[in-house]
Amino acid sequence: MPRIAGQIDQAKSEAMLDAAGAVIAERGFGASVEAIARRAGVSKQTLYNHFGGKEGLIQALVRRRVDVLTSPLAEGAAGGDPETVLTAFARVLIDATLSPAKLSALRLAIQGAVEVPEMGRLIYEAGAQTSRSRLADYLRGETQAGRLAVDDPEEAAELFAAMTGGQRLRGLLGLPVSNDPASVARMSRAIAHRFVRAYAP
């Protein structure tokens, strides 16, 4: 069965994002639009038509990653137990910051932000800020449903982010981290349990 136009556009967009991720990982944020378009097998104009340029492409790449990271919140918004939802979210966040590949990507983002400060702002707004905003929205909804009692969802989201990022600096500095599945699962449960106890209704 042939794909409709929207499906073709979506597939092309995903191919361009995949290419952007690969090229930027190899060459850094200085990678050219031409190199990304060539890797994706599209024209430079097609890339500009979809994303408006490299900044838009990087924002879309980061947002796609955030969609994956925050999927436990989206699924939990249907009424799941907050501790279970937040355990799953904590696990995703910890995995995302402690795996060698993700630490390498984070180092690259930091380096890019130093070289191009505006890029740092774009990455933060599309990434961490969006992720915390979605968590704040989730906490607000759980408070309205009576399952939590969060007086300041934005502050609580910042606290949760701090709890899940405890080993990030060690990883960035190349020091040993506890990123085996059992350790990550244990830490995720502990973070979620303490967080939910702190905001129990």
# chains A, B, ... in the order shown; residues from 1 in each chain; ligands from 1
call {"tool": "residues_around", "arguments": {"residues": "range 154-159 of chain A", "least_positions_apart": "5", "cutoff": "12 Å", "atoms": "only C-alpha atoms", "output": "MDAnalysis selection string"}}
result
chainID A and resid 86 89:90 128:140 143 148:149 164:166 191:192 194:196 198:199
call {"tool": "write_last_selection", "arguments": {"atoms": "N, CA and C atoms", "output": "short mmCIF file (atom, residue, chain, number, x, y, z; two decimals), in the first residue's frame"}}
result
data_model
loop_
_atom_site.label_atom_id
_atom_site.label_comp_id
_atom_site.auth_asym_id
_atom_site.auth_seq_id
_atom_site.Cartn_x
_atom_site.Cartn_y
_atom_site.Cartn_z
N LEU A 86 7.12 8.02 37.97
CA LEU A 86 8.34 8.78 38.23
C LEU A 86 9.57 7.86 38.33
N PHE A 89 10.45 7.41 34.73
CA PHE A 89 11.03 8.65 34.21
C PHE A 89 12.45 8.84 34.73
N ALA A 90 12.66 8.59 36.02
CA ALA A 90 14.00 8.71 36.60
C ALA A 90 14.96 7.76 35.91
N ALA A 128 16.49 20.47 28.11
CA ALA A 128 16.24 20.42 29.56
C ALA A 128 15.02 21.24 29.96
N GLN A 129 14.88 22.43 29.39
CA GLN A 129 13.75 23.28 29.78
C GLN A 129 12.42 22.66 29.38
N THR A 130 12.37 22.07 28.20
CA THR A 130 11.14 21.42 27.75
C THR A 130 10.82 20.20 28.60
N SER A 131 11.86 19.41 28.90
CA SER A 131 11.67 18.22 29.73
C SER A 131 11.12 18.60 31.11
N ARG A 132 11.69 19.64 31.72
CA ARG A 132 11.23 20.04 33.06
C ARG A 132 9.85 20.66 33.01
N SER A 133 9.54 21.34 31.92
CA SER A 133 8.20 21.90 31.77
C SER A 133 7.16 20.79 31.67
N ARG A 134 7.49 19.72 30.96
CA ARG A 134 6.57 18.58 30.85
C ARG A 134 6.40 17.88 32.20
N LEU A 135 7.50 17.79 32.96
CA LEU A 135 7.39 17.20 34.29
C LEU A 135 6.53 18.08 35.18
N ALA A 136 6.72 19.40 35.11
CA ALA A 136 5.90 20.31 35.91
C ALA A 136 4.42 20.16 35.56
N ASP A 137 4.12 20.03 34.27
CA ASP A 137 2.73 19.83 33.84
C ASP A 137 2.17 18.53 34.40
N TYR A 138 3.00 17.48 34.38
CA TYR A 138 2.56 16.19 34.93
C TYR A 138 2.27 16.33 36.43
N LEU A 139 3.16 16.98 37.15
CA LEU A 139 2.99 17.15 38.60
C LEU A 139 1.76 18.00 38.91
N ARG A 140 1.52 19.00 38.08
CA ARG A 140 0.33 19.84 38.25
C ARG A 140 -0.94 19.00 38.08
N THR A 143 -1.45 16.71 41.03
CA THR A 143 -1.93 17.47 42.18
C THR A 143 -3.43 17.75 42.05
N LEU A 148 -0.94 13.75 44.30
CA LEU A 148 0.22 14.44 44.85
C LEU A 148 -0.24 15.80 45.38
N ALA A 149 0.64 16.45 46.15
CA ALA A 149 0.34 17.79 46.64
C ALA A 149 1.58 18.66 46.40
N THR A 164 18.13 13.24 39.80
CA THR A 164 18.49 12.24 38.79
C THR A 164 19.84 12.52 38.13
N GLY A 165 20.41 13.71 38.36
CA GLY A 165 21.67 14.06 37.71
C GLY A 165 22.87 13.99 38.61
N GLY A 166 22.76 13.25 39.71
CA GLY A 166 23.81 13.24 40.70
C GLY A 166 25.18 12.78 40.22
N ILE A 191 14.80 7.46 44.21
CA ILE A 191 14.48 8.86 43.90
C ILE A 191 12.97 9.06 43.86
N ALA A 192 12.29 8.20 43.13
CA ALA A 192 10.83 8.34 42.98
C ALA A 192 10.14 8.18 44.33
N ARG A 194 11.28 8.75 47.43
CA ARG A 194 11.50 9.90 48.28
C ARG A 194 10.79 11.14 47.76
N PHE A 195 10.76 11.29 46.46
CA PHE A 195 10.09 12.44 45.86
C PHE A 195 8.59 12.38 46.13
N VAL A 196 7.99 11.23 45.93
CA VAL A 196 6.54 11.09 46.15
C VAL A 196 6.21 11.25 47.64
N ALA A 198 7.80 13.16 49.69
CA ALA A 198 7.93 14.59 49.99
C ALA A 198 6.70 15.38 49.54
N TYR A 199 6.04 14.89 48.50
CA TYR A 199 4.87 15.60 47.96
C TYR A 199 3.59 14.78 48.11
#
call {"tool": "residues_around", "arguments": {"residues": "Tyr48 in chain A", "least_positions_apart": "5", "cutoff": "12 Å", "atoms": "only C-alpha atoms", "output": "compact mmCIF listing (two decimals) with N, CA and C atoms, in the first residue's frame"}}
result
# COMPACT_ATOMS: atom_id res chain seq x y z
N SER A 13 11.73 13.63 7.12
CA SER A 13 12.15 14.41 8.28
C SER A 13 12.98 13.56 9.24
N MET A 16 16.42 13.03 7.87
CA MET A 16 17.27 14.21 8.03
C MET A 16 17.74 14.36 9.48
N VAL A 33 25.41 22.36 6.81
CA VAL A 33 24.10 21.91 6.35
C VAL A 33 24.26 21.02 5.13
N GLU A 34 25.22 21.36 4.28
CA GLU A 34 25.47 20.57 3.08
C GLU A 34 25.84 19.13 3.43
N ILE A 36 25.08 17.49 6.16
CA ILE A 36 23.90 16.82 6.72
C ILE A 36 22.94 16.42 5.61
N ALA A 37 22.69 17.34 4.68
CA ALA A 37 21.78 17.05 3.56
C ALA A 37 22.32 15.89 2.72
N VAL A 42 19.22 14.19 0.61
CA VAL A 42 18.27 15.20 0.17
C VAL A 42 19.04 16.45 -0.24
N SER A 43 18.34 17.38 -0.86
CA SER A 43 18.99 18.64 -1.23
C SER A 43 19.04 19.56 -0.01
N GLY A 53 16.85 25.69 8.54
CA GLY A 53 18.28 25.84 8.70
C GLY A 53 18.82 24.96 9.81
N LYS A 54 20.10 25.12 10.10
CA LYS A 54 20.75 24.23 11.07
C LYS A 54 20.20 24.42 12.48
N GLU A 55 19.90 25.64 12.88
CA GLU A 55 19.37 25.86 14.23
C GLU A 55 18.05 25.13 14.41
N GLY A 56 17.16 25.24 13.43
CA GLY A 56 15.88 24.55 13.51
C GLY A 56 16.05 23.04 13.51
N LEU A 57 17.03 22.58 12.76
CA LEU A 57 17.30 21.15 12.68
C LEU A 57 17.79 20.63 14.04
call {"tool": "residues_around", "arguments": {"residues": "range 98-114 of chain A", "least_positions_apart": "4", "cutoff": "8 Å", "atoms": "only C-alpha atoms", "output": "number ranges by chain"}}
result
A: 25, 28-29, 94, 118-121, 123, 167-168, 171-172, 177, 179
call {"tool": "write_last_selection", "arguments": {"atoms": "C-alpha atoms", "output": "mmCIF file, in the first residue's frame"}}
result
data_model
loop_
_atom_site.group_PDB
_atom_site.id
_atom_site.type_symbol
_atom_site.label_atom_id
_atom_site.label_comp_id
_atom_site.auth_asym_id
_atom_site.auth_seq_id
_atom_site.Cartn_x
_atom_site.Cartn_y
_atom_site.Cartn_z
ATOM 1 C CA ALA A 25 28.460 13.448 16.436
ATOM 2 C CA GLY A 28 30.534 18.803 16.088
ATOM 3 C CA PHE A 29 28.062 21.671 15.792
ATOM 4 C CA ILE A 94 19.662 8.448 34.452
ATOM 5 C CA GLU A 118 23.373 30.994 21.088
ATOM 6 C CA MET A 119 23.499 27.283 20.290
ATOM 7 C CA GLY A 120 23.693 26.541 24.009
ATOM 8 C CA ARG A 121 20.527 28.534 24.630
ATOM 9 C CA ILE A 123 19.753 23.310 23.075
ATOM 10 C CA GLN A 167 26.495 11.304 38.807
ATOM 11 C CA ARG A 168 26.516 13.418 35.647
ATOM 12 C CA GLY A 171 30.626 10.880 33.946
ATOM 13 C CA LEU A 172 31.535 14.082 32.130
ATOM 14 C CA VAL A 177 29.795 5.887 37.400
ATOM 15 C CA ASN A 179 25.386 2.835 35.343
#
call {"tool": "select_by_dssp", "arguments": {"residues": "range 55-201 of chain A", "states": "alpha helix (DSSP H)", "output": "PyMOL selection string"}}
result
chain A and resi 55-69+71-76+82-98+100-115+117-124+130-144+153-164+168-172+181-198
call {"tool": "closest_residue", "arguments": {"among": "A:Gln45, A:Thr87, A:Ser183, A:Ser32", "to": "Phe160 in chain A", "atoms": "only C-alpha atoms"}}
result
A:Thr87
call {"tool": "residues_around", "arguments": {"residues": "Ala182 in chain A", "least_positions_apart": "6", "cutoff": "12 Å", "atoms": "only C-alpha atoms", "output": "PDB file with C-alpha atoms, in the first residue's frame"}}
result
ATOM      1  CA  ARG A  91      15.372   5.557  34.994  1.00  0.00           C
ATOM      2  CA  ASP A  95      20.224   6.115  31.490  1.00  0.00           C
ATOM      3  CA  SER A 188      15.437   5.307  40.168  1.00  0.00           C
ATOM      4  CA  ARG A 189      13.160   3.618  42.698  1.00  0.00           C
TER       5      ARG A 189
END
call {"tool": "atom_distance", "arguments": {"atom1": "CA of Gly52 in chain A", "atom2": "CA of Glu26 in chain A"}}
result
22.2 Å
call {"tool": "atom_distance", "arguments": {"atom1": "CA of Leu169 in chain A", "atom2": "CA of Pro181 in chain A"}}
result
19.3 Å
call {"tool": "closest_residue", "arguments": {"among": "A:Thr97, A:His50, A:Val184, A:Gln144", "to": "Arg170 in chain A", "atoms": "only C-alpha atoms"}}
result
A:Thr97
call {"tool": "residues_around", "arguments": {"residues": "range 58-74 of chain A", "least_positions_apart": "4", "cutoff": "6 Å", "atoms": "only C-alpha atoms", "output": "list in words"}}
result
Leu17, Phe89, Ala126 and Gly127 of chain A
call {"tool": "write_last_selection", "arguments": {"atoms": "N, CA and C atoms", "output": "PDB file, in the first residue's frame"}}
result
ATOM      1  N   LEU A  17      16.865  14.068  10.432  1.00  0.00           N
ATOM      2  CA  LEU A  17      17.255  14.143  11.839  1.00  0.00           C
ATOM      3  C   LEU A  17      18.298  13.075  12.173  1.00  0.00           C
ATOM      4  N   PHE A  89      10.446   7.415  34.733  1.00  0.00           N
ATOM      5  CA  PHE A  89      11.031   8.653  34.206  1.00  0.00           C
ATOM      6  C   PHE A  89      12.450   8.837  34.729  1.00  0.00           C
ATOM      7  N   ALA A 126      15.209  23.715  24.070  1.00  0.00           N
ATOM      8  CA  ALA A 126      14.550  22.582  23.412  1.00  0.00           C
ATOM      9  C   ALA A 126      14.682  21.305  24.224  1.00  0.00           C
ATOM     10  N   GLY A 127      15.731  21.217  25.055  1.00  0.00           N
ATOM     11  CA  GLY A 127      15.991  19.993  25.802  1.00  0.00           C
ATOM     12  C   GLY A 127      15.568  20.041  27.255  1.00  0.00           C
TER      13      GLY A 127
END
call {"tool": "closest_residue", "arguments": {"among": "A:Glu75, A:Arg147, A:Glu14, A:Val92", "to": "Ala161 in chain A", "atoms": "only C-alpha atoms"}}
result
A:Val92
call {"tool": "residues_around", "arguments": {"residues": "Ala15 in chain A", "least_positions_apart": "4", "cutoff": "10 Å", "atoms": "only C-alpha atoms", "output": "ChimeraX atom specification"}}
result
/A:9-11,19-21,37,39-42
call {"tool": "write_last_selection", "arguments": {"atoms": "N, CA and C atoms", "output": "compact mmCIF listing (two decimals), in the first residue's frame"}}
result
# COMPACT_ATOMS: atom_id res chain seq x y z
N ASP A 9 6.67 12.72 4.04
CA ASP A 9 7.32 13.87 4.66
C ASP A 9 7.89 13.49 6.03
N GLN A 10 7.14 12.71 6.80
CA GLN A 10 7.60 12.31 8.12
C GLN A 10 8.84 11.43 8.00
N ALA A 11 8.83 10.50 7.06
CA ALA A 11 9.98 9.63 6.86
C ALA A 11 11.20 10.44 6.44
N ALA A 19 20.43 11.80 10.09
CA ALA A 19 21.67 12.25 9.44
C ALA A 19 22.32 13.36 10.25
N ALA A 20 21.51 14.29 10.74
CA ALA A 20 22.05 15.40 11.53
C ALA A 20 22.73 14.87 12.79
N GLY A 21 22.08 13.93 13.48
CA GLY A 21 22.67 13.37 14.68
C GLY A 21 24.01 12.70 14.40
N ALA A 37 22.69 17.34 4.68
CA ALA A 37 21.78 17.05 3.56
C ALA A 37 22.32 15.89 2.72
N ARG A 39 24.31 13.48 3.70
CA ARG A 39 24.16 12.21 4.45
C ARG A 39 22.71 11.72 4.41
N ALA A 40 21.76 12.65 4.43
CA ALA A 40 20.34 12.28 4.40
C ALA A 40 19.84 11.94 3.01
N GLY A 41 20.65 12.26 2.00
CA GLY A 41 20.24 11.99 0.62
C GLY A 41 19.18 12.94 0.12
N VAL A 42 19.22 14.19 0.61
CA VAL A 42 18.27 15.20 0.17
C VAL A 42 19.04 16.45 -0.24
